[in-house]
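So the structure is just underneath, and the comments pick up after that.
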Amino acid sequence: MRAAEALCRVNGGRSVVLRYQKPPVAGDMGAALGIRSPEFTEIELEPAVFRKQAEAQQLIVAASAVAQALQATSIDSAETLFRSANGLLIDDVLYEITEVNTGQAAGQAYCYVLKIQQAE
């Protein structure tokens with residue numbers, strides 16, 4: 001896991017923000033009726049490497065960064081964390097996560113490769 005983190009840092013490691021909606025508060029009628037705007041939680045993921053290719057864009061995130069994000073939330077798995085996210089902020093641009101793949105060695109996750117596209 002340390003090697004993957006070091007590789008992310010050396011290859012343009014950066015910080016990105018994972019955004020997801022906070023669960024509604026029980027009994028909050030304003031939120032239930034859609035009167036109140038939903039609140040979002042933002043979690044910083046670092047190190048990460050953003051790769052733009054002609055037909056696809058990828059974000060590679062070190063597993064250590066995802067482990068820290070999981071500790072900060074009540075979410076139990078990286079897959080659930082990414083699937084429940086409302087998007088990623090990279091350089092103040094919002095991206096949607098379209099696919100999640102896990103890089104593993106000896107049964108341990110060392111990175112997560114996210115296919116992303118700019119949100120419309």
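Ligands are numbered from 1 in the order shown, residues from 1 within each chain, and chains are lettered A, B, ... in the order they appear in the structure tokens.
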
- [ ] Mind checking which residues fall within 8 Å of region 77-89 of chain A, counting only C-alpha atoms, ignoring those fewer than 2 positions away in the same chain, and posting them as a ChimeraX atom specification?
- [x] /A:16-21,66-67,70,75,91-97,100

- [ ] Excluding Gln53 (chain A) and any residue of its chain fewer than 6 positions from it, enumerate the residues within 12 Å of it, using only C-alpha atoms, and give them as a PyMOL selection string.
- [x] chain A and resi 59+115-117

Produce a file of the selected residues containing N, CA and C atoms, as a compact mmCIF listing (two decimals), in the first residue's frame.
```txt
# COMPACT_ATOMS: atom_id res chain seq x y z
N LEU A 59 -9.32 8.60 -12.55
CA LEU A 59 -8.73 9.08 -11.33
C LEU A 59 -8.24 7.85 -10.58
N LYS A 115 -13.31 5.54 -13.31
CA LYS A 115 -13.59 6.16 -14.61
C LYS A 115 -14.59 7.26 -14.31
N ILE A 116 -14.29 8.45 -14.84
CA ILE A 116 -15.13 9.61 -14.53
C ILE A 116 -15.44 10.39 -15.80
N GLN A 117 -16.51 11.17 -15.71
CA GLN A 117 -16.86 12.06 -16.81
C GLN A 117 -17.35 13.37 -16.21
```

TODO: Find the distance between CA of Gln118 (chain A) and CA of Arg14 (chain A) and write it in Å to one decimal.
DONE: 17.9 Å

Within 6 Å of region 107-114 of chain A, which residues of region 62-99 of chain A come that close, and what is the closest atom pair and distance in Å for each? Count only C-alpha atoms and give it as a Markdown table.
```
| residue | atom | partner | partner_atom | distance |
| --- | --- | --- | --- | --- |
| A:Ala62 | CA | A:Cys111 | CA | 4.4 |
| A:Ala63 | CA | A:Cys111 | CA | 4.6 |
| A:Glu99 | CA | A:Leu114 | CA | 5.7 |
```

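Put simply, CA of Glu46 (chain A) is 4.6 Å away from CA of Ser15 (chain A).
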
Open item on the list: Between CA of Gln104 (chain A) and CA of Ala119 (chain A), what distance in Å does the model show, to one decimal?
Closed with: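 A separation of 28.6 Å between them.
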
Task: Residue among A:Gln68, A:Lys52, A:Gln58, A:Thr73 lying closest to Lys22 (chain A), counting only C-alpha atoms - done: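 Using only C-alpha atoms, Lys22 (chain A) sits closest to A:Thr73.
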